[in-house]
file query29.csv (CSV, C-alpha atoms)
chain,number,residue,atom,x,y,z
Q,1,MET,CA,39.2,151.9,138.6
Q,2,THR,CA,37.6,151.2,135.3
Q,3,ALA,CA,39.6,150.7,132.1
Q,4,HIS,CA,39.2,154.5,131.4
Q,5,GLY,CA,40.7,155.6,134.7
Q,6,ILE,CA,37.3,156.5,136.2
Q,7,PRO,CA,36.8,155.3,139.8
Q,8,ALA,CA,34.5,152.3,139.9
Q,9,ALA,CA,31.2,152.8,141.6
Q,10,PRO,CA,31.1,151.2,145.0
Q,11,ARG,CA,29.2,147.9,145.2
Q,12,PRO,CA,26.1,148.1,147.4
Q,13,ALA,CA,26.2,145.9,150.5
Q,14,LEU,CA,24.6,142.5,150.2
Q,15,THR,CA,21.3,142.2,152.0
Q,16,ALA,CA,20.4,139.1,154.1
Q,17,ILE,CA,18.2,138.0,151.2
Q,18,ASP,CA,21.1,138.4,148.7
Q,19,ARG,CA,23.4,136.3,151.0
Q,20,ALA,CA,20.6,133.6,151.3
Q,21,ILE,CA,20.2,133.4,147.6
Q,22,LEU,CA,24.0,133.1,147.1
Q,23,ALA,CA,24.1,130.4,149.7
Q,24,LEU,CA,21.4,128.4,147.9
Q,25,ASP,CA,23.3,128.9,144.7
Q,26,GLY,CA,26.4,127.5,146.4
Q,27,ALA,CA,24.5,124.5,147.7
Q,28,LEU,CA,23.1,123.7,144.2
Q,29,ARG,CA,26.6,124.1,142.6
Q,30,THR,CA,28.1,121.8,145.2
Q,31,LEU,CA,25.5,119.1,145.1
Q,32,LEU,CA,24.4,119.1,141.5
Q,33,PRO,CA,27.3,118.0,139.2
Q,34,PRO,CA,29.0,119.2,137.2
Q,35,GLN,CA,28.3,122.9,137.8
Q,36,GLY,CA,30.1,123.2,141.1
Q,37,ARG,CA,32.8,120.7,140.2
Q,38,VAL,CA,34.9,122.6,137.8
Q,39,ALA,CA,38.4,123.1,139.0
Q,40,VAL,CA,40.3,126.3,138.2
Q,41,ARG,CA,43.7,124.8,139.0
Q,42,PRO,CA,44.9,121.6,137.4
Q,43,SER,CA,44.7,118.4,139.6
Q,44,PRO,CA,47.8,117.6,141.4
Q,45,ALA,CA,47.4,114.1,140.1
Q,46,ALA,CA,47.3,115.2,136.4
Q,47,GLY,CA,49.9,113.4,134.4
Q,48,LEU,CA,50.8,110.9,137.1
Q,49,PRO,CA,50.8,107.2,136.0
Q,50,GLU,CA,48.0,105.1,137.3
Q,51,ASN,CA,49.2,102.2,139.4
Q,52,PRO,CA,47.3,99.0,138.8
Q,53,LEU,CA,45.0,98.2,141.7
Q,54,THR,CA,43.5,94.9,142.8
Q,55,ARG,CA,39.7,94.8,143.1
Q,56,ALA,CA,40.0,95.2,146.9
Q,57,GLU,CA,42.5,98.1,146.6
Q,58,ARG,CA,40.1,99.8,144.1
Q,59,ARG,CA,37.2,99.4,146.5
Q,60,LEU,CA,39.2,100.8,149.4
Q,61,SER,CA,40.5,103.7,147.4
Q,62,ALA,CA,37.0,104.5,146.2
Q,63,ALA,CA,35.6,104.4,149.7
Q,64,LEU,CA,38.4,106.7,151.0
Q,65,MET,CA,37.8,109.1,148.1
Q,66,ARG,CA,34.1,109.1,148.8
Q,67,VAL,CA,34.8,110.1,152.4
Q,68,ASN,CA,37.2,112.8,151.1
Q,69,HIS,CA,34.6,114.0,148.6
Q,70,SER,CA,32.0,114.3,151.4
Q,71,GLY,CA,34.5,116.2,153.4
Q,72,GLU,CA,34.8,118.7,150.5
Q,73,VAL,CA,31.0,119.0,150.3
Q,74,CYS,CA,31.1,119.8,154.0
Q,75,ALA,CA,33.8,122.4,153.6
Q,76,GLN,CA,31.7,124.1,150.9
Q,77,ALA,CA,28.7,124.1,153.3
Q,78,LEU,CA,30.7,125.4,156.2
Q,79,TYR,CA,32.1,128.3,154.2
Q,80,HIS,CA,28.7,129.1,152.6
Q,81,GLY,CA,27.0,129.0,156.1
Q,82,GLN,CA,29.6,131.2,157.6
Q,83,GLY,CA,29.4,133.6,154.7
Q,84,VAL,CA,25.7,134.1,155.3
Q,85,THR,CA,26.2,135.2,158.9
Q,86,ALA,CA,29.7,136.9,158.6
Q,87,ARG,CA,29.6,140.4,159.9
Q,88,SER,CA,32.4,142.1,158.0
Q,89,PRO,CA,32.7,142.3,154.2
Q,90,GLY,CA,36.4,141.2,154.7
Q,91,ALA,CA,35.4,138.0,156.4
Q,92,ARG,CA,32.7,137.3,153.8
Q,93,ALA,CA,35.3,137.8,151.0
Q,94,MET,CA,37.8,135.5,152.8
Q,95,LEU,CA,35.2,132.8,153.2
Q,96,GLY,CA,34.2,133.2,149.5
Q,97,ARG,CA,37.9,132.7,148.5
Q,98,ALA,CA,38.2,129.7,150.7
Q,99,ALA,CA,35.0,128.2,149.2
Q,100,GLN,CA,36.4,128.8,145.7
Q,101,GLU,CA,39.6,127.0,146.7
Q,102,GLU,CA,37.6,124.1,148.1
Q,103,THR,CA,35.7,123.9,144.7
Q,104,ASP,CA,39.0,122.7,143.2
Q,105,HIS,CA,39.3,120.0,145.9
Q,106,LEU,CA,35.7,119.0,145.3
Q,107,ALA,CA,36.3,118.6,141.6
Q,108,TRP,CA,39.5,116.6,142.0
Q,109,CYS,CA,37.8,114.2,144.5
Q,110,ALA,CA,34.8,113.8,142.2
Q,111,GLU,CA,37.2,113.1,139.3
Q,112,ARG,CA,39.1,110.5,141.2
Q,113,VAL,CA,35.9,108.8,142.4
Q,114,ALA,CA,34.8,108.5,138.8
Q,115,GLN,CA,38.2,107.2,137.7
Q,116,LEU,CA,37.8,104.5,140.3
Q,117,GLU,CA,34.4,103.6,138.7
Q,118,SER,CA,32.5,104.5,141.9
Q,119,ARG,CA,30.0,107.1,143.1
Q,120,THR,CA,29.9,109.9,145.6
Q,121,SER,CA,27.9,109.5,148.8
Q,122,VAL,CA,24.1,109.5,148.6
Q,123,LEU,CA,24.2,111.3,152.0
Q,124,ASP,CA,26.0,114.4,150.6
Q,125,PRO,CA,22.9,116.5,150.8
Q,126,ALA,CA,22.5,115.6,154.5
Q,127,TRP,CA,26.2,116.3,155.2
Q,128,TYR,CA,25.8,119.6,153.4
Q,129,LEU,CA,22.8,120.7,155.5
Q,130,GLY,CA,24.5,119.8,158.8
Q,131,ALA,CA,27.7,121.5,157.9
Q,132,PHE,CA,25.8,124.6,156.6
Q,133,ALA,CA,24.0,124.8,159.9
Q,134,LEU,CA,27.3,124.6,161.8
Q,135,GLY,CA,28.7,127.3,159.6
Q,136,VAL,CA,25.7,129.6,160.2
Q,137,LEU,CA,26.2,129.0,164.0
Q,138,ALA,CA,29.9,129.7,163.8
Q,139,GLY,CA,29.3,132.8,161.8
Q,140,ALA,CA,26.6,134.0,164.1
Q,141,ALA,CA,29.0,133.8,167.0
Q,142,GLY,CA,31.1,136.5,165.4
Q,143,ASP,CA,33.9,136.8,162.9
Q,144,ARG,CA,36.6,136.0,165.4
Q,145,TRP,CA,34.9,132.7,166.4
Q,146,SER,CA,34.0,132.0,162.8
Q,147,LEU,CA,37.6,132.4,161.5
Q,148,GLY,CA,38.9,130.4,164.5
Q,149,PHE,CA,36.4,127.7,163.5
Q,150,VAL,CA,38.0,127.7,160.0
Q,151,VAL,CA,41.5,127.2,161.5
Q,152,GLU,CA,40.5,124.3,163.7
Q,153,THR,CA,38.5,122.7,160.9
Q,154,GLU,CA,41.6,122.8,158.7
Q,155,ARG,CA,43.7,121.2,161.5
Q,156,GLN,CA,41.2,118.4,161.7
Q,157,VAL,CA,41.2,117.9,157.9
Q,158,GLU,CA,45.0,117.7,157.9
Q,159,ALA,CA,44.9,115.0,160.7
Q,160,HIS,CA,42.2,113.1,158.7
Q,161,LEU,CA,44.2,113.1,155.5
Q,162,ASP,CA,47.4,112.1,157.4
Q,163,GLY,CA,45.4,109.1,158.6
Q,164,HIS,CA,44.4,108.2,155.0
Q,165,LEU,CA,48.1,108.5,153.9
Q,166,ALA,CA,49.2,106.2,156.7

call {"tool": "encode", "arguments": {"input": "query29.csv", "output": "structure tokens"}}
result
Amino acid sequence: MTAHGIPAAPRPALTAIDRAILALDGALRTLLPPQGRVAVRPSPAAGLPENPLTRAERRLSAALMRVNHSGEVCAQALYHGQGVTARSPGARAMLGRAAQEETDHLAWCAERVAQLESRTSVLDPAWYLGAFALGVLAGAAGDRWSLGFVVETERQVEAHLDGHLA
């Protein structure tokens, strides 16, 4: 409904070309700072005191955050790739929401890498391309396979982060 109580016109379905353009836009926003690195939600670390780190601890923290950041780049790519080949509008919408949530994670990781006076991986474009291709393949297998792929990916990410915390 519009503000005047008139039913909104239905949105036309996206064509394959539309989805490809949106995927390219997503890639550029992910890989070219700061466009894709603007968090909607505040960082969970906002307001926490900074613990003093030795030089070795700072290097290790920066290396771990660089890996986390690359993981967020890959998450964006997976969701973008799956969105290109998703069959149902509902699956495409869910993948879009997931990608938006991951944008916050990407921004938070980039922020922390900068705080540690380090840089993100120079291989991020390669990681993006590989993960995008996996996303396209998962999406091409069908929405059930694609969404199952999302679930398993999240399980793997949780295990990875648990390892970092340990």

call {"tool": "closest_residue", "arguments": {"input": "query29.csv", "among": "Q:Ala141, Q:Ala99, Q:Leu32, Q:Ala16", "to": "Q:Tyr79", "atoms": "only C-alpha atoms"}}
result
Q:Ala99

call {"tool": "closest_residue", "arguments": {"input": "query29.csv", "among": "Q:Arg92, Q:Arg29, Q:Arg87, Q:Arg112", "to": "Q:Glu50", "atoms": "all atoms listed in the file"}}
result
Q:Arg112

call {"tool": "closest_residue", "arguments": {"input": "query29.csv", "among": "Q:Val67, Q:Ala23, Q:Leu129, Q:Val38", "to": "Q:Gly96", "atoms": "all atoms listed in the file"}}
result
Q:Ala23

call {"tool": "residues_near_point", "arguments": {"input": "query29.csv", "point": "(24.1, 136.7, 153.6)", "cutoff": "9 Å", "atoms": "only C-alpha atoms", "output": "list in words"}}
result
Leu14, Thr15, Ala16, Ile17, Asp18, Arg19, Ala20, Ile21, Leu22, Ala23, His80, Gly81, Gln82, Gly83, Val84, Thr85, Ala86 and Arg92 of chain Q

call {"tool": "closest_residue", "arguments": {"input": "query29.csv", "among": "Q:Arg41, Q:Val136, Q:Leu64, Q:Gln76", "to": "Q:Asp25", "atoms": "all atoms listed in the file"}}
result
Q:Gln76

call {"tool": "residues_near_point", "arguments": {"input": "query29.csv", "point": "(42.4, 120.5, 156.2)", "cutoff": "12 Å", "atoms": "only C-alpha atoms", "output": "short mmCIF file (atom, residue, chain, number, x, y, z; two decimals) with C-alpha atoms, in the coordinates of the input"}}
result
data_model
loop_
_atom_site.label_atom_id
_atom_site.label_comp_id
_atom_site.auth_asym_id
_atom_site.auth_seq_id
_atom_site.Cartn_x
_atom_site.Cartn_y
_atom_site.Cartn_z
CA ASN Q 68 37.20 112.80 151.10
CA GLY Q 71 34.50 116.20 153.40
CA GLU Q 72 34.80 118.70 150.50
CA CYS Q 74 31.10 119.80 154.00
CA ALA Q 75 33.80 122.40 153.60
CA ALA Q 98 38.20 129.70 150.70
CA GLU Q 101 39.60 127.00 146.70
CA GLU Q 102 37.60 124.10 148.10
CA HIS Q 105 39.30 120.00 145.90
CA PHE Q 149 36.40 127.70 163.50
CA VAL Q 150 38.00 127.70 160.00
CA VAL Q 151 41.50 127.20 161.50
CA GLU Q 152 40.50 124.30 163.70
CA THR Q 153 38.50 122.70 160.90
CA GLU Q 154 41.60 122.80 158.70
CA ARG Q 155 43.70 121.20 161.50
CA GLN Q 156 41.20 118.40 161.70
CA VAL Q 157 41.20 117.90 157.90
CA GLU Q 158 45.00 117.70 157.90
CA ALA Q 159 44.90 115.00 160.70
CA HIS Q 160 42.20 113.10 158.70
CA LEU Q 161 44.20 113.10 155.50
CA ASP Q 162 47.40 112.10 157.40
#

call {"tool": "closest_residue", "arguments": {"input": "query29.csv", "among": "Q:Gln100, Q:Ala138, Q:Trp127, Q:Val113", "to": "Q:Arg66", "atoms": "all atoms listed in the file"}}
result
Q:Val113

call {"tool": "closest_residue", "arguments": {"input": "query29.csv", "among": "Q:Ala46, Q:Met65, Q:Met94, Q:Leu28", "to": "Q:Thr120", "atoms": "all atoms listed in the file"}}
result
Q:Met65

call {"tool": "atom_distance", "arguments": {"input": "query29.csv", "atom1": "atom CA of Q:Leu147", "atom2": "atom CA of Q:Ala77"}}
result
14.7 Å

call {"tool": "atom_distance", "arguments": {"input": "query29.csv", "atom1": "atom CA of Q:Asp124", "atom2": "atom CA of Q:Ala91"}}
result
26.1 Å

call {"tool": "decode", "arguments": {"input": "query29.csv", "residues": "stretch 51-64 of chain Q", "atoms": "C-alpha atoms", "output": "compact mmCIF listing (two decimals), in the first residue's frame"}}
result
# COMPACT_ATOMS: atom_id res chain seq x y z
CA ASN Q 51 43.50 -3.77 25.82
CA PRO Q 52 47.14 -2.93 25.31
CA LEU Q 53 48.74 -5.40 22.91
CA THR Q 54 52.35 -6.31 22.46
CA ARG Q 55 53.74 -6.03 18.94
CA ALA Q 56 53.41 -9.82 18.49
CA GLU Q 57 49.82 -9.83 19.79
CA ARG Q 58 48.92 -6.95 17.46
CA ARG Q 59 50.37 -8.82 14.47
CA LEU Q 60 48.52 -12.02 15.41
CA SER Q 61 45.26 -10.13 15.97
CA ALA Q 62 45.65 -8.34 12.64
CA ALA Q 63 46.33 -11.64 10.85
CA LEU Q 64 43.26 -13.26 12.42
